[in-house]
>>> print(open('start_28.cif').read())   # mmCIF, C-alpha atoms
data_start
loop_
_atom_site.label_atom_id
_atom_site.label_comp_id
_atom_site.auth_asym_id
_atom_site.auth_seq_id
_atom_site.Cartn_x
_atom_site.Cartn_y
_atom_site.Cartn_z
CA MET Q 1 9.12 17.45 -50.99
CA SER Q 2 11.65 19.05 -48.74
CA ALA Q 3 13.71 17.37 -46.10
CA ALA Q 4 12.94 18.23 -42.47
CA ILE Q 5 14.62 21.50 -41.64
CA PRO Q 6 17.24 20.97 -38.94
CA ALA Q 7 17.22 23.38 -36.00
CA PRO Q 8 19.88 26.05 -36.35
CA PRO Q 9 23.03 25.08 -34.46
CA ALA Q 10 22.76 27.87 -31.90
CA ARG Q 11 19.27 26.72 -30.96
CA ALA Q 12 20.33 23.09 -30.74
CA ALA Q 13 23.25 23.96 -28.46
CA ARG Q 14 21.02 26.12 -26.30
CA ASP Q 15 18.45 23.32 -25.84
CA ARG Q 16 21.17 20.74 -25.17
CA LEU Q 17 22.64 22.98 -22.50
CA LEU Q 18 19.29 23.64 -20.83
CA ASP Q 19 18.52 19.91 -20.83
CA ALA Q 20 21.95 19.17 -19.36
CA ALA Q 21 21.47 21.84 -16.67
CA ARG Q 22 17.99 20.48 -15.88
CA THR Q 23 19.27 16.92 -15.45
CA SER Q 24 22.30 17.99 -13.41
CA PHE Q 25 20.39 20.34 -11.09
CA ALA Q 26 17.72 17.66 -10.57
CA ASP Q 27 20.33 15.01 -9.72
CA LYS Q 28 22.66 16.97 -7.46
CA GLY Q 29 20.94 20.29 -6.73
CA PHE Q 30 22.13 23.67 -7.96
CA HIS Q 31 24.96 23.98 -5.44
CA GLY Q 32 26.08 20.38 -5.97
CA THR Q 33 26.42 20.89 -9.74
CA THR Q 34 29.53 22.34 -11.39
CA THR Q 35 29.58 24.00 -14.82
CA ARG Q 36 31.94 21.14 -15.72
CA ASP Q 37 29.13 18.63 -14.88
CA ILE Q 38 26.77 20.53 -17.18
CA ALA Q 39 29.33 20.68 -19.98
CA ALA Q 40 29.92 16.93 -19.71
CA ALA Q 41 26.18 16.18 -19.72
CA ALA Q 42 25.76 18.38 -22.82
CA GLY Q 43 28.77 16.82 -24.56
CA MET Q 44 30.44 20.21 -24.79
CA SER Q 45 33.66 21.71 -23.49
CA PRO Q 46 33.47 24.08 -20.50
CA ALA Q 47 34.71 26.82 -22.83
CA ALA Q 48 31.81 26.19 -25.23
CA VAL Q 49 29.36 26.41 -22.31
CA TYR Q 50 30.91 29.72 -21.33
CA VAL Q 51 30.05 31.15 -24.76
CA HIS Q 52 26.35 30.69 -23.98
CA HIS Q 53 26.27 31.14 -20.20
CA ARG Q 54 28.89 32.97 -18.18
CA THR Q 55 27.61 31.43 -14.95
CA LYS Q 56 25.76 28.38 -13.70
CA GLU Q 57 23.16 30.77 -12.27
CA SER Q 58 22.42 32.07 -15.76
CA LEU Q 59 21.27 28.55 -16.72
CA LEU Q 60 19.07 28.34 -13.63
CA HIS Q 61 17.65 31.75 -14.51
CA GLU Q 62 16.78 30.61 -18.03
CA LEU Q 63 15.21 27.35 -16.81
CA SER Q 64 13.19 29.32 -14.25
CA LEU Q 65 11.91 31.86 -16.77
CA GLU Q 66 11.07 29.14 -19.28
CA GLY Q 67 9.25 27.08 -16.63
CA HIS Q 68 7.20 29.98 -15.30
CA ARG Q 69 6.36 31.29 -18.78
CA ALA Q 70 5.18 27.82 -19.83
CA THR Q 71 3.02 27.52 -16.71
CA MET Q 72 1.44 30.94 -17.26
CA ALA Q 73 0.82 30.15 -20.96
CA SER Q 74 -0.86 26.83 -20.13
CA LEU Q 75 -3.09 28.50 -17.52
CA ASP Q 76 -4.04 31.30 -19.93
CA ALA Q 77 -4.89 28.72 -22.60
CA ALA Q 78 -6.92 26.61 -20.16
CA VAL Q 79 -9.16 29.44 -18.98
CA HIS Q 80 -9.36 31.19 -22.37
CA ASP Q 81 -12.22 29.17 -23.83
CA CYS Q 82 -13.86 28.39 -20.54
CA PRO Q 83 -17.49 29.23 -19.79
CA ASP Q 84 -17.51 32.41 -17.71
CA ASP Q 85 -18.36 30.84 -14.37
CA ALA Q 86 -15.94 30.54 -11.50
CA VAL Q 87 -16.39 26.80 -10.96
CA ALA Q 88 -15.45 26.00 -14.57
CA LEU Q 89 -12.55 28.49 -14.45
CA LEU Q 90 -11.15 27.07 -11.22
CA HIS Q 91 -11.51 23.52 -12.51
CA ALA Q 92 -9.66 24.41 -15.72
CA TRP Q 93 -6.94 26.32 -13.84
CA VAL Q 94 -6.22 23.47 -11.39
CA THR Q 95 -6.34 20.82 -14.12
CA ALA Q 96 -3.74 22.70 -16.19
CA PHE Q 97 -1.57 23.54 -13.16
CA VAL Q 98 -1.48 19.97 -11.82
CA THR Q 99 -0.98 18.41 -15.26
CA GLY Q 100 1.97 20.74 -15.84
CA HIS Q 101 3.55 19.98 -12.46
CA ALA Q 102 3.06 16.23 -12.97
CA LEU Q 103 4.43 15.99 -16.52
CA GLY Q 104 7.10 18.69 -16.01
CA HIS Q 105 8.02 17.47 -12.54
CA THR Q 106 11.79 17.79 -13.00
CA THR Q 107 11.73 21.43 -14.10
CA ALA Q 108 9.03 22.20 -11.52
CA ARG Q 109 11.18 20.90 -8.66
CA ILE Q 110 14.19 22.93 -9.77
CA VAL Q 111 12.35 26.20 -10.29
CA ASN Q 112 10.45 25.85 -6.99
CA TYR Q 113 13.24 24.55 -4.78
CA GLU Q 114 16.19 26.61 -6.04
CA LEU Q 115 14.67 30.11 -5.97
CA GLU Q 116 17.19 31.24 -3.37
CA ALA Q 117 20.08 30.40 -5.70
CA LEU Q 118 19.01 33.11 -8.18
CA THR Q 119 20.75 36.50 -8.06
CA PRO Q 120 18.59 39.16 -6.34
CA GLU Q 121 17.86 40.76 -9.75
CA HIS Q 122 16.79 37.47 -11.35
CA ARG Q 123 14.85 36.54 -8.24
CA VAL Q 124 12.76 39.71 -8.60
CA GLU Q 125 12.07 38.89 -12.25
CA VAL Q 126 11.00 35.31 -11.45
CA GLU Q 127 8.88 36.44 -8.49
CA LEU Q 128 6.93 38.69 -10.87
CA TRP Q 129 5.99 35.62 -12.91
CA ARG Q 130 5.07 33.78 -9.72
CA SER Q 131 2.85 36.68 -8.65
CA ARG Q 132 1.10 36.68 -12.02
CA ILE Q 133 0.40 32.95 -11.67
CA GLN Q 134 -0.82 33.30 -8.06
CA ASP Q 135 -2.91 36.39 -8.96
CA SER Q 136 -4.64 34.53 -11.79
CA LEU Q 137 -5.84 31.99 -9.21
CA ILE Q 138 -6.84 34.62 -6.62
CA ASP Q 139 -8.75 36.46 -9.35
CA ILE Q 140 -10.86 33.35 -10.08
CA LEU Q 141 -11.51 32.82 -6.36
CA GLU Q 142 -12.60 36.47 -5.92
CA ARG Q 143 -14.88 36.34 -8.96
CA GLY Q 144 -16.47 33.20 -7.52
CA CYS Q 145 -16.99 34.89 -4.15
CA HIS Q 146 -18.60 37.95 -5.75
CA ALA Q 147 -20.88 35.74 -7.84
CA GLY Q 148 -21.87 33.76 -4.75
CA GLU Q 149 -20.47 30.54 -6.25
CA PHE Q 150 -17.62 30.38 -3.71
CA ALA Q 151 -17.44 31.15 0.00
CA VAL Q 152 -13.86 31.70 1.11
CA GLY Q 153 -12.68 33.50 4.23
CA ASP Q 154 -9.27 34.48 2.85
CA THR Q 155 -8.67 34.05 -0.89
CA HIS Q 156 -4.87 34.30 -0.41
CA VAL Q 157 -4.86 31.41 2.05
CA ALA Q 158 -7.13 29.32 -0.19
CA ALA Q 159 -4.88 30.10 -3.19
CA SER Q 160 -1.82 28.97 -1.21
CA ALA Q 161 -3.55 25.71 -0.33
CA ILE Q 162 -4.69 25.04 -3.92
CA ALA Q 163 -1.37 26.03 -5.53
CA GLY Q 164 0.49 24.12 -2.81
CA MET Q 165 -1.26 20.83 -3.49
CA GLY Q 166 -0.39 21.35 -7.18
CA VAL Q 167 3.27 22.29 -6.65
CA ASP Q 168 3.76 19.31 -4.34
CA VAL Q 169 2.71 16.91 -7.11
CA ALA Q 170 6.11 17.58 -8.73
CA ARG Q 171 7.81 16.22 -5.60
CA TRP Q 172 6.27 12.75 -5.79
CA PHE Q 173 4.69 12.18 -9.23
CA ARG Q 174 6.94 10.00 -11.41
CA ASP Q 175 4.55 8.21 -13.77
CA ASP Q 176 5.22 9.96 -17.05
CA ALA Q 177 2.13 8.56 -18.76
CA GLY Q 178 -0.05 11.47 -19.82
CA THR Q 179 -3.29 9.72 -18.81
CA ALA Q 180 -2.30 9.26 -15.18
CA ALA Q 181 -1.32 12.93 -14.97
CA THR Q 182 -4.60 14.11 -16.50
CA ASP Q 183 -6.70 11.84 -14.28
CA LEU Q 184 -4.90 13.03 -11.17
CA ALA Q 185 -5.24 16.66 -12.28
CA ARG Q 186 -9.01 16.30 -12.74
CA GLU Q 187 -9.43 14.69 -9.32
CA PHE Q 188 -7.39 17.47 -7.71
CA ALA Q 189 -9.52 20.03 -9.58
CA ASP Q 190 -12.70 18.41 -8.19
CA LEU Q 191 -11.24 18.57 -4.67
CA ALA Q 192 -10.19 22.22 -5.11
CA VAL Q 193 -13.70 23.19 -6.23
CA ARG Q 194 -15.24 21.43 -3.21
CA MET Q 195 -12.78 23.27 -0.97
CA VAL Q 196 -14.16 26.70 -1.86
CA ARG Q 197 -17.70 26.13 -3.16
CA ALA Q 198 -20.45 28.02 -1.34
CA MET Z 199 18.50 24.96 44.67
CA SER Z 200 20.56 23.25 42.08
CA ALA Z 201 22.18 24.81 39.04
CA ALA Z 202 20.81 23.87 35.61
CA ILE Z 203 22.20 20.50 34.67
CA PRO Z 204 24.30 20.80 31.50
CA ALA Z 205 23.63 18.29 28.72
CA PRO Z 206 26.24 15.51 28.68
CA PRO Z 207 28.99 16.30 26.16
CA ALA Z 208 28.10 13.47 23.77
CA ARG Z 209 24.53 14.72 23.52
CA ALA Z 210 25.66 18.32 23.04
CA ALA Z 211 28.06 17.33 20.24
CA ARG Z 212 25.36 15.24 18.57
CA ASP Z 213 22.85 18.11 18.62
CA ARG Z 214 25.47 20.60 17.42
CA LEU Z 215 26.31 18.30 14.51
CA LEU Z 216 22.68 17.76 13.54
CA ASP Z 217 22.04 21.53 13.69
CA ALA Z 218 25.12 22.15 11.56
CA ALA Z 219 24.02 19.51 9.02
CA ARG Z 220 20.50 20.96 8.93
CA THR Z 221 21.79 24.49 8.26
CA SER Z 222 24.32 23.33 5.67
CA PHE Z 223 21.91 21.05 3.77
CA ALA Z 224 19.28 23.83 3.79
CA ASP Z 225 21.75 26.38 2.41
CA LYS Z 226 23.52 24.33 -0.24
CA GLY Z 227 21.58 21.11 -0.62
CA PHE Z 228 22.87 17.67 0.38
CA HIS Z 229 25.13 17.28 -2.67
CA GLY Z 230 26.46 20.84 -2.38
CA THR Z 231 27.53 20.31 1.24
CA THR Z 232 30.85 18.76 2.27
CA THR Z 233 31.53 17.10 5.62
CA ARG Z 234 34.12 19.88 6.02
CA ASP Z 235 31.28 22.48 5.75
CA ILE Z 236 29.37 20.66 8.48
CA ALA Z 237 32.44 20.41 10.71
CA ALA Z 238 33.08 24.14 10.30
CA ALA Z 239 29.43 25.01 11.05
CA ALA Z 240 29.56 22.83 14.18
CA GLY Z 241 32.90 24.29 15.29
CA MET Z 242 34.48 20.83 15.19
CA SER Z 243 37.33 19.24 13.30
CA PRO Z 244 36.47 16.88 10.40
CA ALA Z 245 38.06 14.09 12.48
CA ALA Z 246 35.70 14.83 15.39
CA VAL Z 247 32.72 14.69 13.01
CA TYR Z 248 33.93 11.32 11.77
CA VAL Z 249 33.74 9.92 15.32
CA HIS Z 250 29.95 10.50 15.27
CA HIS Z 251 29.12 10.07 11.58
CA ARG Z 252 31.24 8.16 9.09
CA THR Z 253 29.41 9.73 6.16
CA LYS Z 254 27.43 12.84 5.30
CA GLU Z 255 24.52 10.54 4.43
CA SER Z 256 24.45 9.24 8.00
CA LEU Z 257 23.65 12.79 9.15
CA LEU Z 258 20.87 13.08 6.55
CA HIS Z 259 19.52 9.72 7.72
CA GLU Z 260 19.44 10.88 11.33
CA LEU Z 261 17.76 14.19 10.44
CA SER Z 262 15.19 12.30 8.35
CA LEU Z 263 14.37 9.79 11.08
CA GLU Z 264 14.13 12.53 13.69
CA GLY Z 265 11.89 14.65 11.46
CA HIS Z 266 9.51 11.82 10.58
CA ARG Z 267 9.34 10.54 14.15
CA ALA Z 268 8.53 14.04 15.41
CA THR Z 269 5.78 14.41 12.78
CA MET Z 270 4.23 11.05 13.66
CA ALA Z 271 4.39 11.85 17.39
CA SER Z 272 2.69 15.22 16.90
CA LEU Z 273 -0.08 13.62 14.80
CA ASP Z 274 -0.62 10.86 17.37
CA ALA Z 275 -0.82 13.45 20.14
CA ALA Z 276 -3.23 15.63 18.14
CA VAL Z 277 -5.76 12.88 17.44
CA HIS Z 278 -5.33 11.14 20.81
CA ASP Z 279 -7.77 13.23 22.82
CA CYS Z 280 -10.00 14.06 19.90
CA PRO Z 281 -13.74 13.34 19.91
CA ASP Z 282 -14.30 10.19 17.90
CA ASP Z 283 -15.74 11.77 14.77
CA ALA Z 284 -13.92 12.02 11.49
CA VAL Z 285 -14.35 15.78 11.04
CA ALA Z 286 -12.69 16.53 14.37
CA LEU Z 287 -9.96 13.95 13.70
CA LEU Z 288 -9.18 15.34 10.23
CA HIS Z 289 -9.15 18.89 11.57
CA ALA Z 290 -6.74 17.93 14.34
CA TRP Z 291 -4.51 15.94 11.95
CA VAL Z 292 -4.20 18.77 9.41
CA THR Z 293 -3.68 21.42 12.09
CA ALA Z 294 -0.78 19.45 13.61
CA PHE Z 295 0.71 18.54 10.21
CA VAL Z 296 0.65 22.11 8.86
CA THR Z 297 1.88 23.65 12.13
CA GLY Z 298 4.80 21.22 12.13
CA HIS Z 299 5.70 21.93 8.49
CA ALA Z 300 5.46 25.70 9.09
CA LEU Z 301 7.51 25.89 12.28
CA GLY Z 302 9.92 23.12 11.26
CA HIS Z 303 10.19 24.29 7.66
CA THR Z 304 13.97 23.87 7.37
CA THR Z 305 13.99 20.23 8.46
CA ALA Z 306 10.82 19.54 6.48
CA ARG Z 307 12.38 20.79 3.24
CA ILE Z 308 15.49 18.67 3.74
CA VAL Z 309 13.68 15.45 4.62
CA ASN Z 310 11.17 15.87 1.78
CA TYR Z 311 13.51 17.08 -0.98
CA GLU Z 312 16.58 14.92 -0.30
CA LEU Z 313 14.97 11.47 -0.07
CA GLU Z 314 16.88 10.27 -3.11
CA ALA Z 315 20.21 11.01 -1.41
CA LEU Z 316 19.56 8.33 1.25
CA THR Z 317 21.14 4.89 0.80
CA PRO Z 318 18.60 2.31 -0.43
CA GLU Z 319 18.50 0.73 3.06
CA HIS Z 320 17.89 4.04 4.83
CA ARG Z 321 15.39 5.03 2.17
CA VAL Z 322 13.30 1.93 2.95
CA GLU Z 323 13.39 2.77 6.66
CA VAL Z 324 12.30 6.38 6.07
CA GLU Z 325 9.58 5.33 3.59
CA LEU Z 326 8.09 3.14 6.34
CA TRP Z 327 7.68 6.23 8.50
CA ARG Z 328 6.19 8.11 5.54
CA SER Z 329 3.70 5.29 4.96
CA ARG Z 330 2.67 5.33 8.62
CA ILE Z 331 2.03 9.09 8.39
CA GLN Z 332 0.10 8.79 5.11
CA ASP Z 333 -1.87 5.77 6.42
CA SER Z 334 -2.92 7.67 9.52
CA LEU Z 335 -4.55 10.26 7.23
CA ILE Z 336 -6.13 7.66 4.91
CA ASP Z 337 -7.51 5.88 7.97
CA ILE Z 338 -9.33 9.05 9.09
CA LEU Z 339 -10.70 9.60 5.58
CA GLU Z 340 -11.98 6.01 5.39
CA ARG Z 341 -13.58 6.18 8.82
CA GLY Z 342 -15.33 9.38 7.72
CA CYS Z 343 -16.58 7.72 4.53
CA HIS Z 344 -17.92 4.70 6.44
CA ALA Z 345 -19.66 6.99 8.93
CA GLY Z 346 -21.21 9.01 6.09
CA GLU Z 347 -19.42 12.18 7.26
CA PHE Z 348 -17.13 12.26 4.20
CA ALA Z 349 -17.73 11.50 0.54
CA VAL Z 350 -14.45 10.82 -1.26
CA GLY Z 351 -13.96 9.00 -4.55
CA ASP Z 352 -10.39 7.91 -3.89
CA THR Z 353 -9.04 8.31 -0.36
CA HIS Z 354 -5.43 7.94 -1.58
CA VAL Z 355 -5.81 10.85 -4.00
CA ALA Z 356 -7.52 12.99 -1.35
CA ALA Z 357 -4.75 12.13 1.13
CA SER Z 358 -2.10 13.17 -1.42
CA ALA Z 359 -3.87 16.50 -1.94
CA ILE Z 360 -4.25 17.18 1.79
CA ALA Z 361 -0.71 16.08 2.71
CA GLY Z 362 0.63 17.94 -0.34
CA MET Z 363 -0.83 21.28 0.67
CA GLY Z 364 0.74 20.73 4.10
CA VAL Z 365 4.18 19.67 2.86
CA ASP Z 366 4.30 22.64 0.48
CA VAL Z 367 3.92 25.05 3.40
CA ALA Z 368 7.54 24.27 4.32
CA ARG Z 369 8.61 25.60 0.90
CA TRP Z 370 7.27 29.12 1.41
CA PHE Z 371 6.44 29.71 5.08
CA ARG Z 372 9.14 31.81 6.78
CA ASP Z 373 7.33 33.64 9.56
CA ASP Z 374 8.59 31.87 12.65
CA ALA Z 375 5.97 33.38 14.95
CA GLY Z 376 3.93 30.56 16.44
CA THR Z 377 0.62 32.41 16.08
CA ALA Z 378 0.87 32.84 12.31
CA ALA Z 379 1.66 29.14 11.92
CA THR Z 380 -1.27 28.06 14.07
CA ASP Z 381 -3.71 30.41 12.31
CA LEU Z 382 -2.60 29.17 8.91
CA ALA Z 383 -2.83 25.56 10.07
CA ARG Z 384 -6.43 26.03 11.28
CA GLU Z 385 -7.47 27.67 7.99
CA PHE Z 386 -5.88 24.82 6.02
CA ALA Z 387 -7.68 22.33 8.29
CA ASP Z 388 -11.02 24.06 7.57
CA LEU Z 389 -10.30 23.85 3.82
CA ALA Z 390 -9.31 20.18 4.06
CA VAL Z 391 -12.55 19.32 5.85
CA ARG Z 392 -14.60 21.13 3.20
CA MET Z 393 -12.70 19.22 0.51
CA VAL Z 394 -13.99 15.82 1.68
CA ARG Z 395 -17.16 16.52 3.66
CA ALA Z 396 -20.30 14.72 2.44
#
>>> encode(input="start_28.cif", output="structure tokens")
Amino acid sequence: MSAAIPAPPARAARDRLLDAARTSFADKGFHGTTTRDIAAAAGMSPAAVYVHHRTKESLLHELSLEGHRATMASLDAAVHDCPDDAVALLHAWVTAFVTGHALGHTTARIVNYELEALTPEHRVEVELWRSRIQDSLIDILERGCHAGEFAVGDTHVAASAIAGMGVDVARWFRDDAGTAATDLAREFADLAVRMVRA
Amino acid sequence: MSAAIPAPPARAARDRLLDAARTSFADKGFHGTTTRDIAAAAGMSPAAVYVHHRTKESLLHELSLEGHRATMASLDAAVHDCPDDAVALLHAWVTAFVTGHALGHTTARIVNYELEALTPEHRVEVELWRSRIQDSLIDILERGCHAGEFAVGDTHVAASAIAGMGVDVARWFRDDAGTAATDLAREFADLAVRMVRA
């Protein structure tokens, strides 16, 4: 029997820094946080932070990429084994999206509210992830319209409404119990289906 | 013929300060803004700001009250002359709510994202306004359910979804043309009605 393998130090420091940045940005906003705040929250010296991230924005960039990648992965997983009908796909998509925004509400607020603090280059990169997420929803809505399951005047507007009610969950949801998040997500998914069903 | 009557100086200074606080909080967040930033944006000395507002939080409090009062007033006006059926009432409510969050997106982001920066006392006061707004929506949903026009499992969940898709408009809407806001608001109102209709 082997002992549990500890994470390599570099990985541990990286995670500690991201957690510290997440907490600090959530408490005081990106502009209200100093790299010194993040160092203190991570129990590291400012110089040690600098080894990993030259700027505060680089931490925001990493949190944003990680958040968007996780969202896309959870949506891909949710629709992967779904029956091939638009109602089931939309239900699975919304359930995963709302669950993620409820349970990951802190990261979700930061990555959605601090987009303008990214450098133009990083902003473009993050917007590509956002487009992929939005397109995966529009794609389901369009498939449903073609199949006659959905009737939607403008799939982009409907996608904004459905994604919007999901994103906004991160603003107010604070019950970290998994059950409450899943129940809410399913109810939102039911409402989203009713919104577009033919 | 009389010349236009200028606003009294106290009023002008108050508005200039609120505008400066709004711009500063929107750019750098509440915690990232100093009273010195606000004074500079208002073209006033920090001492002159202090005459009107002893703290930065007092400016956030005033913006929050003003924003919530304006939202409640626009919702009251929208449903006031409405035919007395739940579909028309819900449509009018959502149209006014979304139009307000689209055109007033800067204030809406501040008052929705910076709630935790209010003092506990001011937070209670602002939450009362938020409850009145939310209750006015739940009331319409319940009337619709009683009349058999709507079929909703949980009116609080449905209200969170409908209000959420409206609040989130302030996050992404940047086209300040009135027409685009009104068109979007009507489409969201159509979707909200479909979401709950029996």
>>> closest_residue(input="start_28.cif", among="Q:His52, Q:His91, Q:Arg194, Q:Arg22", to="chain Z", atoms="all atoms listed in the file")
Q:Arg194
>>> atom_distance(input="start_28.cif", atom1="CA of His303 (chain Z)", atom2="CA of Leu339 (chain Z)")
25.6 Å
>>> resolve_selection(input="start_28.cif", expression="the PyMOL selection byres ((chain Z) within 7 of (chain Q))", output="PDB file with C-alpha atoms, in the frame of the given file")
ATOM      1  CA  LYS Z 226      23.520  24.330  -0.240  1.00  0.00           C
ATOM      2  CA  GLY Z 227      21.580  21.110  -0.620  1.00  0.00           C
ATOM      3  CA  HIS Z 229      25.130  17.280  -2.670  1.00  0.00           C
ATOM      4  CA  GLY Z 230      26.460  20.840  -2.380  1.00  0.00           C
ATOM      5  CA  ALA Z 359      -3.870  16.500  -1.940  1.00  0.00           C
ATOM      6  CA  GLY Z 362       0.630  17.940  -0.340  1.00  0.00           C
ATOM      7  CA  MET Z 363      -0.830  21.280   0.670  1.00  0.00           C
ATOM      8  CA  ASP Z 366       4.300  22.640   0.480  1.00  0.00           C
ATOM      9  CA  PHE Z 386      -5.880  24.820   6.020  1.00  0.00           C
ATOM     10  CA  LEU Z 389     -10.300  23.850   3.820  1.00  0.00           C
ATOM     11  CA  ALA Z 390      -9.310  20.180   4.060  1.00  0.00           C
ATOM     12  CA  ARG Z 392     -14.600  21.130   3.200  1.00  0.00           C
ATOM     13  CA  MET Z 393     -12.700  19.220   0.510  1.00  0.00           C
TER      14      MET Z 393
END
>>> residues_around(input="start_28.cif", residues="Leu59 (chain Q)", least_positions_apart="6", cutoff="8 Å", atoms="all atoms listed in the file", output="PyMOL selection string")
chain Q and resi 18+21+53
>>> residues_around(input="start_28.cif", residues="Ala92 (chain Q)", least_positions_apart="4", cutoff="8 Å", atoms="all atoms listed in the file", output="mmCIF file with C-alpha atoms, in the frame of the given file")
data_model
loop_
_atom_site.group_PDB
_atom_site.id
_atom_site.type_symbol
_atom_site.label_atom_id
_atom_site.label_comp_id
_atom_site.auth_asym_id
_atom_site.auth_seq_id
_atom_site.Cartn_x
_atom_site.Cartn_y
_atom_site.Cartn_z
ATOM 1 C CA LEU Q 75 -3.090 28.500 -17.520
ATOM 2 C CA ALA Q 78 -6.920 26.610 -20.160
ATOM 3 C CA VAL Q 79 -9.160 29.440 -18.980
ATOM 4 C CA CYS Q 82 -13.860 28.390 -20.540
ATOM 5 C CA ALA Q 88 -15.450 26.000 -14.570
ATOM 6 C CA ALA Q 96 -3.740 22.700 -16.190
ATOM 7 C CA ALA Q 189 -9.520 20.030 -9.580
#
>>> atom_distance(input="start_28.cif", atom1="CA of Ala210 (chain Z)", atom2="CA of Ala245 (chain Z)")
16.8 Å
>>> atom_distance(input="start_28.cif", atom1="CA of Arg234 (chain Z)", atom2="CA of Thr55 (chain Q)")
24.8 Å
>>> resolve_selection(input="start_28.cif", expression="the PyMOL selection byres ((chain Q and resi 107) around 10)", output="short mmCIF file (atom, residue, chain, number, x, y, z; two decimals) with C-alpha atoms, in the coordinates of the input")
data_model
loop_
_atom_site.label_atom_id
_atom_site.label_comp_id
_atom_site.auth_asym_id
_atom_site.auth_seq_id
_atom_site.Cartn_x
_atom_site.Cartn_y
_atom_site.Cartn_z
CA ASP Q 19 18.52 19.91 -20.83
CA ARG Q 22 17.99 20.48 -15.88
CA THR Q 23 19.27 16.92 -15.45
CA PHE Q 25 20.39 20.34 -11.09
CA ALA Q 26 17.72 17.66 -10.57
CA LEU Q 63 15.21 27.35 -16.81
CA SER Q 64 13.19 29.32 -14.25
CA GLU Q 66 11.07 29.14 -19.28
CA GLY Q 67 9.25 27.08 -16.63
CA HIS Q 68 7.20 29.98 -15.30
CA GLY Q 100 1.97 20.74 -15.84
CA HIS Q 101 3.55 19.98 -12.46
CA LEU Q 103 4.43 15.99 -16.52
CA GLY Q 104 7.10 18.69 -16.01
CA HIS Q 105 8.02 17.47 -12.54
CA THR Q 106 11.79 17.79 -13.00
CA ALA Q 108 9.03 22.20 -11.52
CA ARG Q 109 11.18 20.90 -8.66
CA ILE Q 110 14.19 22.93 -9.77
CA VAL Q 111 12.35 26.20 -10.29
CA ASN Q 112 10.45 25.85 -6.99
CA TYR Q 113 13.24 24.55 -4.78
CA ALA Q 170 6.11 17.58 -8.73
#
>>> residues_around(input="start_28.cif", residues="Val49 (chain Q)", least_positions_apart="2", cutoff="12 Å", atoms="all atoms listed in the file", output="PyMOL selection string")
chain Q and resi 10+13-18+20-21+34-47+51-56+58-59
>>> write_last_selection(input="start_28.cif", atoms="C-alpha atoms", output="short mmCIF file (atom, residue, chain, number, x, y, z; two decimals), in the frame of the given file")
data_model
loop_
_atom_site.label_atom_id
_atom_site.label_comp_id
_atom_site.auth_asym_id
_atom_site.auth_seq_id
_atom_site.Cartn_x
_atom_site.Cartn_y
_atom_site.Cartn_z
CA ALA Q 10 22.76 27.87 -31.90
CA ALA Q 13 23.25 23.96 -28.46
CA ARG Q 14 21.02 26.12 -26.30
CA ASP Q 15 18.45 23.32 -25.84
CA ARG Q 16 21.17 20.74 -25.17
CA LEU Q 17 22.64 22.98 -22.50
CA LEU Q 18 19.29 23.64 -20.83
CA ALA Q 20 21.95 19.17 -19.36
CA ALA Q 21 21.47 21.84 -16.67
CA THR Q 34 29.53 22.34 -11.39
CA THR Q 35 29.58 24.00 -14.82
CA ARG Q 36 31.94 21.14 -15.72
CA ASP Q 37 29.13 18.63 -14.88
CA ILE Q 38 26.77 20.53 -17.18
CA ALA Q 39 29.33 20.68 -19.98
CA ALA Q 40 29.92 16.93 -19.71
CA ALA Q 41 26.18 16.18 -19.72
CA ALA Q 42 25.76 18.38 -22.82
CA GLY Q 43 28.77 16.82 -24.56
CA MET Q 44 30.44 20.21 -24.79
CA SER Q 45 33.66 21.71 -23.49
CA PRO Q 46 33.47 24.08 -20.50
CA ALA Q 47 34.71 26.82 -22.83
CA VAL Q 51 30.05 31.15 -24.76
CA HIS Q 52 26.35 30.69 -23.98
CA HIS Q 53 26.27 31.14 -20.20
CA ARG Q 54 28.89 32.97 -18.18
CA THR Q 55 27.61 31.43 -14.95
CA LYS Q 56 25.76 28.38 -13.70
CA SER Q 58 22.42 32.07 -15.76
CA LEU Q 59 21.27 28.55 -16.72
#
>>> residues_around(input="start_28.cif", residues="region 70-74 of chain Q", least_positions_apart="6", cutoff="9 Å", atoms="only C-alpha atoms", output="ChimeraX atom specification")
/Q:93,96-97,100-101,129-130,132-133,136
>>> closest_residue(input="start_28.cif", among="Q:Arg174, Q:Gln134, Q:Pro83, Q:Glu57", to="Glu121 (chain Q)", atoms="all atoms listed in the file")
Q:Glu57
